[in-house]
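A.B. asks: Here you go, this is my_file37.cif (mmCIF, C-alpha atoms and all ligand atoms).
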```
data_input
loop_
_atom_site.label_atom_id
_atom_site.label_comp_id
_atom_site.auth_asym_id
_atom_site.auth_seq_id
_atom_site.Cartn_x
_atom_site.Cartn_y
_atom_site.Cartn_z
CA MET A 1 20.47 1.10 -6.80
CA VAL A 2 20.25 4.86 -6.49
CA PHE A 3 17.05 5.74 -4.65
CA GLU A 4 15.29 8.72 -6.26
CA ASN A 5 11.79 8.36 -4.83
CA LEU A 6 12.54 6.75 -1.46
CA LEU A 7 14.40 8.16 1.50
CA LEU A 8 16.10 5.46 3.56
CA VAL A 9 17.28 6.17 7.10
CA ASN A 10 18.71 3.44 9.32
CA GLU A 11 18.65 4.37 13.01
CA GLU A 12 19.23 1.96 15.89
CA GLY A 13 18.39 -1.05 13.71
CA ILE A 14 15.16 0.44 12.33
CA LEU A 15 15.08 1.29 8.64
CA THR A 16 12.58 4.06 7.91
CA ILE A 17 11.51 4.05 4.27
CA THR A 18 9.83 7.32 3.28
CA ILE A 19 8.04 7.42 -0.06
CA ASN A 20 9.07 10.82 -1.31
CA ARG A 21 6.88 12.24 -4.08
CA PRO A 22 4.79 14.62 -1.98
CA GLU A 23 3.87 16.78 -5.00
CA LYS A 24 2.12 13.66 -6.42
CA ARG A 25 0.77 12.65 -3.01
CA ASN A 26 3.46 9.91 -2.97
CA ALA A 27 1.74 7.98 -5.78
CA LEU A 28 3.52 4.73 -6.61
CA ASN A 29 4.93 4.98 -10.12
CA LEU A 30 6.91 2.07 -11.58
CA ARG A 31 10.23 3.55 -10.50
CA THR A 32 9.02 3.81 -6.90
CA MET A 33 7.78 0.20 -7.00
CA GLN A 34 11.21 -0.95 -8.28
CA GLU A 35 12.87 1.03 -5.50
CA LEU A 36 10.59 -0.58 -2.90
CA GLU A 37 11.61 -3.99 -4.23
CA ALA A 38 15.30 -3.04 -4.00
CA ALA A 39 14.86 -1.61 -0.50
CA PHE A 40 13.41 -4.91 0.70
CA GLN A 41 16.32 -6.82 -0.84
CA LEU A 42 18.48 -4.62 1.36
CA VAL A 43 16.30 -5.37 4.40
CA HIS A 44 16.68 -9.08 3.64
CA THR A 45 20.49 -9.03 3.39
CA ASP A 46 21.54 -6.34 5.87
CA GLU A 47 21.84 -7.87 9.34
CA ALA A 48 21.98 -4.43 10.93
CA ILE A 49 18.33 -3.88 9.95
CA ARG A 50 15.99 -5.46 12.53
CA GLY A 51 12.73 -3.74 11.69
CA VAL A 52 11.16 -1.43 9.10
CA ILE A 53 8.78 1.54 9.09
CA ILE A 54 7.17 2.63 5.82
CA THR A 55 5.71 6.13 5.68
CA GLY A 56 5.00 8.97 3.23
CA ALA A 57 6.72 12.34 2.87
CA GLY A 58 4.83 15.44 4.00
CA ASP A 59 1.65 15.63 6.04
CA LYS A 60 -0.97 15.02 3.35
CA ALA A 61 -0.48 11.50 2.06
CA PHE A 62 0.94 8.16 3.03
CA VAL A 63 0.43 7.02 -0.59
CA ALA A 64 -2.49 8.15 -2.81
CA GLY A 65 -2.35 5.02 -4.95
CA ALA A 66 -0.60 3.71 -7.99
CA ASP A 67 0.34 6.50 -10.41
CA ILE A 68 -2.79 7.09 -12.49
CA SER A 69 -0.84 8.66 -15.37
CA GLU A 70 0.94 5.29 -15.78
CA ILE A 71 -2.17 3.20 -15.14
CA ALA A 72 -3.96 5.11 -17.92
CA THR A 73 -1.54 3.62 -20.47
CA LEU A 74 -2.19 -0.03 -19.53
CA ASN A 75 -3.66 -2.32 -22.16
CA VAL A 76 -4.67 -5.93 -22.63
CA ALA A 77 -1.05 -6.95 -23.22
CA ASN A 78 0.45 -5.56 -20.02
CA ALA A 79 -2.34 -5.01 -17.44
CA LYS A 80 -2.19 -8.51 -15.96
CA LYS A 81 1.61 -8.38 -15.73
CA PHE A 82 1.36 -4.99 -14.01
CA SER A 83 -0.97 -6.43 -11.38
CA ILE A 84 1.06 -9.61 -10.83
CA LYS A 85 4.33 -7.67 -10.46
CA GLY A 86 2.75 -5.35 -7.89
CA GLN A 87 1.32 -8.32 -6.02
CA GLU A 88 4.80 -9.91 -5.96
CA ILE A 89 6.49 -6.80 -4.57
CA PHE A 90 3.86 -6.43 -1.84
CA ARG A 91 4.16 -10.13 -1.03
CA THR A 92 7.90 -9.58 -0.49
CA ILE A 93 6.96 -7.02 2.16
CA GLU A 94 4.36 -9.30 3.73
CA THR A 95 6.78 -12.25 3.91
CA CYS A 96 9.71 -10.18 5.19
CA SER A 97 11.24 -12.02 8.15
CA LYS A 98 11.69 -8.73 10.02
CA PRO A 99 8.69 -6.76 11.34
CA VAL A 100 7.34 -4.07 8.99
CA ILE A 101 5.02 -1.32 10.24
CA ALA A 102 3.11 1.11 8.00
CA ALA A 103 3.00 4.57 9.58
CA VAL A 104 0.01 6.08 7.76
CA ASN A 105 0.28 9.86 7.88
CA GLY A 106 -2.53 10.95 5.50
CA TYR A 107 -4.30 9.49 2.47
CA ALA A 108 -3.81 5.72 2.05
CA LEU A 109 -5.80 5.15 -1.13
CA GLY A 110 -5.76 2.41 -3.74
CA GLY A 111 -2.21 1.03 -3.90
CA GLY A 112 -1.47 3.05 -0.74
CA CYS A 113 -4.08 1.17 1.28
CA GLU A 114 -2.81 -2.04 -0.34
CA LEU A 115 0.78 -1.20 0.64
CA ALA A 116 -0.28 -0.52 4.24
CA MET A 117 -2.19 -3.82 4.33
CA ALA A 118 0.86 -5.75 3.07
CA CYS A 119 2.79 -4.50 6.14
CA HIS A 120 2.58 -6.55 9.34
CA MET A 121 0.97 -3.73 11.34
CA ARG A 122 -0.55 -0.32 10.69
CA ILE A 123 -0.38 2.77 12.89
CA ALA A 124 -2.17 5.89 11.72
CA SER A 125 -2.15 9.55 12.64
CA GLU A 126 -5.50 11.27 13.12
CA ASN A 127 -5.48 12.82 9.64
CA ALA A 128 -5.19 9.43 7.91
CA GLN A 129 -7.91 8.35 5.49
CA PHE A 130 -8.25 4.94 3.90
CA GLY A 131 -9.99 3.85 0.71
CA GLN A 132 -9.99 1.72 -2.41
CA PRO A 133 -11.33 4.24 -4.98
CA GLU A 134 -10.29 2.26 -8.08
CA VAL A 135 -13.93 1.79 -9.07
CA ASN A 136 -14.05 5.55 -9.78
CA LEU A 137 -11.43 4.92 -12.48
CA GLY A 138 -13.16 1.91 -14.01
CA ILE A 139 -10.71 -0.58 -12.47
CA ILE A 140 -10.30 -2.68 -9.30
CA PRO A 141 -7.57 -2.96 -6.67
CA GLY A 142 -4.76 -4.92 -8.38
CA TYR A 143 -1.97 -5.08 -5.79
CA GLY A 144 -3.64 -7.63 -3.50
CA GLY A 145 -6.30 -5.33 -2.04
CA THR A 146 -9.32 -7.46 -2.93
CA GLN A 147 -7.77 -10.28 -0.88
CA ARG A 148 -6.10 -8.54 2.07
CA LEU A 149 -8.92 -6.07 2.74
CA THR A 150 -11.49 -8.86 2.75
CA TYR A 151 -9.34 -10.83 5.15
CA LEU A 152 -8.67 -7.87 7.45
CA VAL A 153 -12.12 -6.30 7.78
CA GLY A 154 -14.51 -9.00 6.50
CA ARG A 155 -16.39 -9.33 3.22
CA ALA A 156 -19.24 -6.88 3.89
CA LYS A 157 -17.06 -3.93 4.92
CA ALA A 158 -14.44 -4.72 2.26
CA LEU A 159 -17.11 -4.76 -0.43
CA GLU A 160 -18.59 -1.50 0.86
CA LEU A 161 -15.21 0.22 0.61
CA MET A 162 -14.30 -1.25 -2.79
CA LEU A 163 -17.74 -0.80 -4.39
CA THR A 164 -18.52 2.74 -3.18
CA GLY A 165 -14.95 4.04 -3.48
CA ASP A 166 -15.63 5.96 -0.23
CA MET A 167 -12.88 6.85 2.21
CA ILE A 168 -12.96 6.04 5.92
CA THR A 169 -11.30 8.03 8.70
CA ALA A 170 -8.55 6.75 10.97
CA VAL A 171 -11.13 6.39 13.79
CA GLU A 172 -13.32 4.21 11.56
CA ALA A 173 -10.26 2.25 10.38
CA LEU A 174 -9.50 1.49 14.04
CA GLN A 175 -13.10 0.38 14.65
CA TRP A 176 -13.00 -1.79 11.51
CA GLY A 177 -9.76 -3.48 12.61
CA LEU A 178 -7.85 -2.12 9.63
CA ILE A 179 -5.24 -0.42 11.84
CA ASN A 180 -3.57 -1.45 15.10
CA HIS A 181 -3.24 1.98 16.72
CA LEU A 182 -4.31 5.56 16.22
CA ALA A 183 -1.96 8.37 17.29
CA PRO A 184 -2.94 12.03 17.75
CA THR A 185 -0.07 13.41 15.65
CA ILE A 186 2.43 12.26 13.03
CA GLU A 187 5.25 12.51 15.62
CA ALA A 188 3.29 10.36 18.10
CA MET A 189 2.59 7.84 15.30
CA MET A 190 6.31 7.51 14.48
CA GLN A 191 7.12 7.23 18.19
CA LYS A 192 4.56 4.43 18.63
CA ALA A 193 5.95 2.55 15.60
CA ARG A 194 9.50 2.82 16.97
CA GLU A 195 8.35 1.71 20.45
CA ILE A 196 6.72 -1.45 19.05
CA LEU A 197 9.75 -2.28 16.88
CA HIS A 198 12.19 -1.76 19.78
CA LYS A 199 10.09 -4.13 21.87
CA ILE A 200 10.15 -6.78 19.10
CA MET A 201 13.90 -6.27 18.59
CA ARG A 202 14.49 -7.47 22.17
CA LYS A 203 12.95 -10.87 21.28
CA ALA A 204 14.67 -13.83 19.61
CA PRO A 205 15.04 -13.04 15.87
CA VAL A 206 14.36 -16.61 14.75
CA ALA A 207 11.15 -16.70 16.80
CA VAL A 208 10.10 -13.33 15.36
CA ALA A 209 10.69 -14.56 11.81
CA GLN A 210 8.81 -17.80 12.42
CA VAL A 211 5.82 -16.02 14.00
CA ILE A 212 5.51 -13.91 10.84
CA ARG A 213 5.85 -16.99 8.64
CA ALA A 214 3.25 -18.98 10.58
CA ALA A 215 0.79 -16.07 10.80
CA ASN A 216 1.07 -15.52 7.04
CA ALA A 217 0.24 -19.18 6.54
CA ALA A 218 -3.15 -18.57 8.18
CA PHE A 219 -4.29 -17.04 4.91
CA SER A 220 -3.00 -17.87 1.47
CA PHE A 221 -5.30 -16.70 -1.27
CA SER A 222 -3.20 -17.86 -4.20
CA ASP A 223 -6.28 -18.41 -6.38
CA GLY A 224 -7.77 -15.13 -5.22
CA TYR A 225 -4.68 -13.18 -6.27
CA ALA A 226 -4.73 -14.82 -9.72
CA ILE A 227 -8.41 -13.92 -10.12
CA GLU A 228 -7.64 -10.35 -9.01
CA ALA A 229 -4.94 -9.94 -11.70
CA GLU A 230 -7.24 -11.43 -14.35
CA ALA A 231 -10.15 -9.17 -13.30
CA PHE A 232 -7.85 -6.11 -13.24
CA SER A 233 -6.76 -6.81 -16.82
CA ILE A 234 -10.40 -7.29 -17.96
CA CYS A 235 -11.20 -3.81 -16.59
CA CYS A 236 -8.18 -2.37 -18.43
CA GLN A 237 -9.73 -3.46 -21.75
CA THR A 238 -12.87 -1.34 -21.29
CA GLU A 239 -13.83 2.09 -22.56
CA ASP A 240 -14.86 2.98 -19.01
CA PHE A 241 -11.27 2.45 -17.82
CA LYS A 242 -10.01 4.90 -20.49
CA GLU A 243 -12.76 7.34 -19.46
CA GLY A 244 -12.18 6.93 -15.68
CA THR A 245 -8.43 7.51 -15.77
CA ALA A 246 -8.72 10.34 -18.34
CA ALA A 247 -11.37 12.03 -16.20
CA PHE A 248 -9.06 11.99 -13.14
CA LEU A 249 -6.11 13.38 -15.09
CA GLN A 250 -8.33 16.07 -16.70
CA LYS A 251 -9.85 16.88 -13.28
CA ARG A 252 -13.48 16.25 -14.32
CA PRO A 253 -16.19 13.72 -13.34
CA ALA A 254 -16.19 10.42 -15.24
CA ASN A 255 -19.06 9.49 -17.55
CA PHE A 256 -19.24 5.69 -17.61
CA VAL A 257 -21.11 3.91 -20.41
CA GLY A 258 -20.88 0.29 -19.29
CA LYS A 259 -18.45 -1.15 -21.81
N1 LIG B 301 -1.60 9.12 -9.38
C1 LIG B 301 -1.04 10.14 -10.04
N2 LIG B 301 -1.09 11.42 -9.61
C2 LIG B 301 -1.75 11.63 -8.45
C3 LIG B 301 -2.36 10.61 -7.72
C4 LIG B 301 -2.26 9.29 -8.22
N3 LIG B 301 -2.79 8.23 -7.60
N4 LIG B 301 -2.94 11.15 -6.62
C5 LIG B 301 -2.69 12.47 -6.68
N5 LIG B 301 -1.98 12.76 -7.77
C6 LIG B 301 -1.47 14.07 -8.22
C7 LIG B 301 -2.60 14.93 -8.80
O1 LIG B 301 -2.85 14.59 -10.15
C8 LIG B 301 -1.98 16.31 -8.62
O2 LIG B 301 -1.02 16.50 -9.63
P1 LIG B 301 -0.87 17.96 -10.34
O3 LIG B 301 -0.51 18.89 -9.19
O4 LIG B 301 0.25 17.74 -11.29
O5 LIG B 301 -2.19 18.27 -10.94
C9 LIG B 301 -1.22 16.18 -7.31
O6 LIG B 301 -0.99 14.81 -7.10
C10 LIG B 301 -1.99 16.70 -6.12
O7 LIG B 301 -3.25 16.09 -6.12
P2 LIG B 301 -4.61 16.86 -5.75
O8 LIG B 301 -5.76 16.02 -6.19
O9 LIG B 301 -4.54 18.26 -6.24
O10 LIG B 301 -4.46 16.87 -4.14
P3 LIG B 301 -5.59 16.93 -3.04
O11 LIG B 301 -4.86 17.04 -1.74
O12 LIG B 301 -6.64 17.93 -3.37
O13 LIG B 301 -6.31 15.47 -3.11
C11 LIG B 301 -6.33 13.06 -3.19
C12 LIG B 301 -5.60 14.34 -2.74
C13 LIG B 301 -5.42 11.93 -2.77
C14 LIG B 301 -7.69 12.93 -2.47
C15 LIG B 301 -6.56 13.09 -4.73
O14 LIG B 301 -5.34 13.46 -5.34
C16 LIG B 301 -6.99 11.77 -5.30
O15 LIG B 301 -8.17 11.43 -5.26
N6 LIG B 301 -6.04 10.98 -5.86
C17 LIG B 301 -6.32 9.76 -6.56
C18 LIG B 301 -6.63 8.65 -5.60
C19 LIG B 301 -6.90 7.36 -6.34
O16 LIG B 301 -7.82 7.25 -7.13
N7 LIG B 301 -6.07 6.34 -6.06
C20 LIG B 301 -6.18 5.06 -6.67
C21 LIG B 301 -5.29 4.99 -7.86
S1 LIG B 301 -5.35 3.39 -8.59
#
```
Would you write the structure of this file as structure tokens?
Ligand code: COA

C.D. replies:
Amino acid sequence: MVFENLLLVNEEGILTITINRPEKRNALNLRTMQELEAAFQLVHTDEAIRGVIITGAGDKAFVAGADISEIATLNVANAKKFSIKGQEIFRTIETCSKPVIAAVNGYALGGGCELAMACHMRIASENAQFGQPEVNLGIIPGYGGTQRLTYLVGRAKALELMLTGDMITAVEALQWGLINHLAPTIEAMMQKAREILHKIMRKAPVAVAQVIRAANAAFSFSDGYAIEAEAFSICCQTEDFKEGTAAFLQKRPANFVGK
């Protein structure tokens, strides 16, 4: 596959995947999701790759969510499929047998926060901000966020983030247990991610793979993911969803009517 929206650099066994749509704050359109899927097939088959870092291009965003201009076109026929496909791609990342670190260098919103949570660890720079603002658009997180956020930070904090649509800072994300480490700069964040991966790469690969497998087994919300996809598609049938996404694209506040 030719990668148009991802930059892939393999250095010393570490594949750095940079989501490269900075003019759209690295929003995940369908093409970028397909490329992420293809990149992880490569990670799976290429023995020279021992660890992965996912980050965003530029200094503003890690990923500002799924692409709202595409989301706005979803309907009853395809919304559930959209959610399930995204869940599958992120599950491929989560179940990768090689360690995957999200290096969060700015906004990690919606699908961006969900992508970071699907990685095995998260390191943020000080300018990072996290949130699940889907409720502002009349929808819900649909790429596994309702499940992974609840698992990572607990039900009360997860509900606060998903119901208010507020963002939290990197310092708060550290306090909440959403990230592993906070670095003062983007360079220091990348350095920390590389340091951790180099340390893991000195361990036995089979043991590394089996730790990931066993830790993943500690939570398996298969029913929860199905309910998330169903709930996402219910939201995509509402007038408020049309209003919420149109309002974002037209750069105006949304006026929700409750149906
Ligand atoms: N999908 C599609 N386009 C997006 C996007 C997204 N999730 N996030 C940002 N963009 C686009 C904007 O529409 C804008 O495009 P334009 O220049 O063609 O008008 C461009 O990226 C820059 O965005 P802008 O809002 O001007 O940047 P900012 O730095 O002032 O604000 C954010 C950045 C991330 C706070 C803001 O863009 C935002 O709230 N994005 C949506 C977040 C969201 O709701 N995510 C969940 C989606 S399900």

A.B. asks: Taking only C-alpha atoms into account, which of A:Ser125, A:Ser233, A:Asn216, A:Gln175 comes nearest Lys157 of chain A?

C.D. replies: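 Once distances to Lys157 of chain A are computed over only C-alpha atoms, the minimum belongs to A:Gln175.
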
A.B. asks: Go through the chains and note each residue within 6 Å of ligand LIG 301 (chain B), using only C-alpha atoms and all ligand atoms, then give the set as a list of chain:residue names.

C.D. replies: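 The residues near ligand LIG 301 (chain B) are A:Glu23, A:Lys24, A:Arg25, A:Ala27, A:Ala64, A:Gly65, A:Ala66, A:Asp67, A:Ile68, A:Ser69, A:Tyr107, A:Leu109, A:Gly110, A:Pro133, A:Glu134.
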
A.B. asks: Give the answer as one residue: which of A:Thr18, A:Arg252, A:Val2, A:Ile234 has the shortest atom-to-atom distance to Met190 of chain A, using all atoms listed in the file?

C.D. replies: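 Closest candidate: A:Thr18.
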
A.B. asks: Taking a cut-off of 10 Å and counting all atoms listed in the file, can you build a table that, for each residue of segment 105-167 of chain A near segment 237-240 of chain A, reports the nearest atom pair and how far apart they are in Å (one decimal), sorted by chain then residue number, as a tab-separated table?

C.D. replies:
```
residue	atom	partner	partner_atom	distance
A:Asn136	CA	A:Asp240	CA	9.6
A:Leu137	CA	A:Asp240	CA	7.6
A:Gly138	CA	A:Asp240	CA	5.4
A:Ile139	CA	A:Asp240	CA	8.5
```

A.B. asks: Grab the residues selected above and save them as an mmCIF file, keeping the file's coordinate frame with C-alpha atoms.

C.D. replies:
```
data_model
loop_
_atom_site.group_PDB
_atom_site.id
_atom_site.type_symbol
_atom_site.label_atom_id
_atom_site.label_comp_id
_atom_site.auth_asym_id
_atom_site.auth_seq_id
_atom_site.Cartn_x
_atom_site.Cartn_y
_atom_site.Cartn_z
ATOM 1 C CA ASN A 136 -14.050 5.550 -9.780
ATOM 2 C CA LEU A 137 -11.430 4.920 -12.480
ATOM 3 C CA GLY A 138 -13.160 1.910 -14.010
ATOM 4 C CA ILE A 139 -10.710 -0.580 -12.470
#
```

A.B. asks: From the list A:Val211, A:Ile168, A:Leu15, A:Leu8, which residue is nearest His198 of chain A when using all atoms listed in the file?

C.D. replies: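 Once distances to His198 of chain A are computed over all atoms listed in the file, the minimum belongs to A:Leu15.
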
A.B. asks: Counting all atoms listed in the file, what is within 12 Å of Lys81 of chain A, bar same-chain residues fewer than 3 positions away, as an mmCIF file with C-alpha atoms, in the frame of the given file?

C.D. replies:
```cif
data_model
loop_
_atom_site.group_PDB
_atom_site.id
_atom_site.type_symbol
_atom_site.label_atom_id
_atom_site.label_comp_id
_atom_site.auth_asym_id
_atom_site.auth_seq_id
_atom_site.Cartn_x
_atom_site.Cartn_y
_atom_site.Cartn_z
ATOM 1 C CA LEU A 74 -2.190 -0.030 -19.530
ATOM 2 C CA ASN A 75 -3.660 -2.320 -22.160
ATOM 3 C CA VAL A 76 -4.670 -5.930 -22.630
ATOM 4 C CA ALA A 77 -1.050 -6.950 -23.220
ATOM 5 C CA ASN A 78 0.450 -5.560 -20.020
ATOM 6 C CA ILE A 84 1.060 -9.610 -10.830
ATOM 7 C CA LYS A 85 4.330 -7.670 -10.460
ATOM 8 C CA GLY A 86 2.750 -5.350 -7.890
ATOM 9 C CA GLN A 87 1.320 -8.320 -6.020
ATOM 10 C CA GLU A 88 4.800 -9.910 -5.960
ATOM 11 C CA GLY A 142 -4.760 -4.920 -8.380
ATOM 12 C CA TYR A 143 -1.970 -5.080 -5.790
ATOM 13 C CA ALA A 226 -4.730 -14.820 -9.720
ATOM 14 C CA GLU A 228 -7.640 -10.350 -9.010
ATOM 15 C CA ALA A 229 -4.940 -9.940 -11.700
ATOM 16 C CA GLU A 230 -7.240 -11.430 -14.350
ATOM 17 C CA PHE A 232 -7.850 -6.110 -13.240
ATOM 18 C CA SER A 233 -6.760 -6.810 -16.820
ATOM 19 C CA CYS A 236 -8.180 -2.370 -18.430
#
```

A.B. asks: Would you mind reading off the distance between atom CA of Pro22 of chain A and atom CA of Ile71 of chain A, one decimal, in Å?

C.D. replies: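 That distance, rounded to one decimal, is 18.8 Å.
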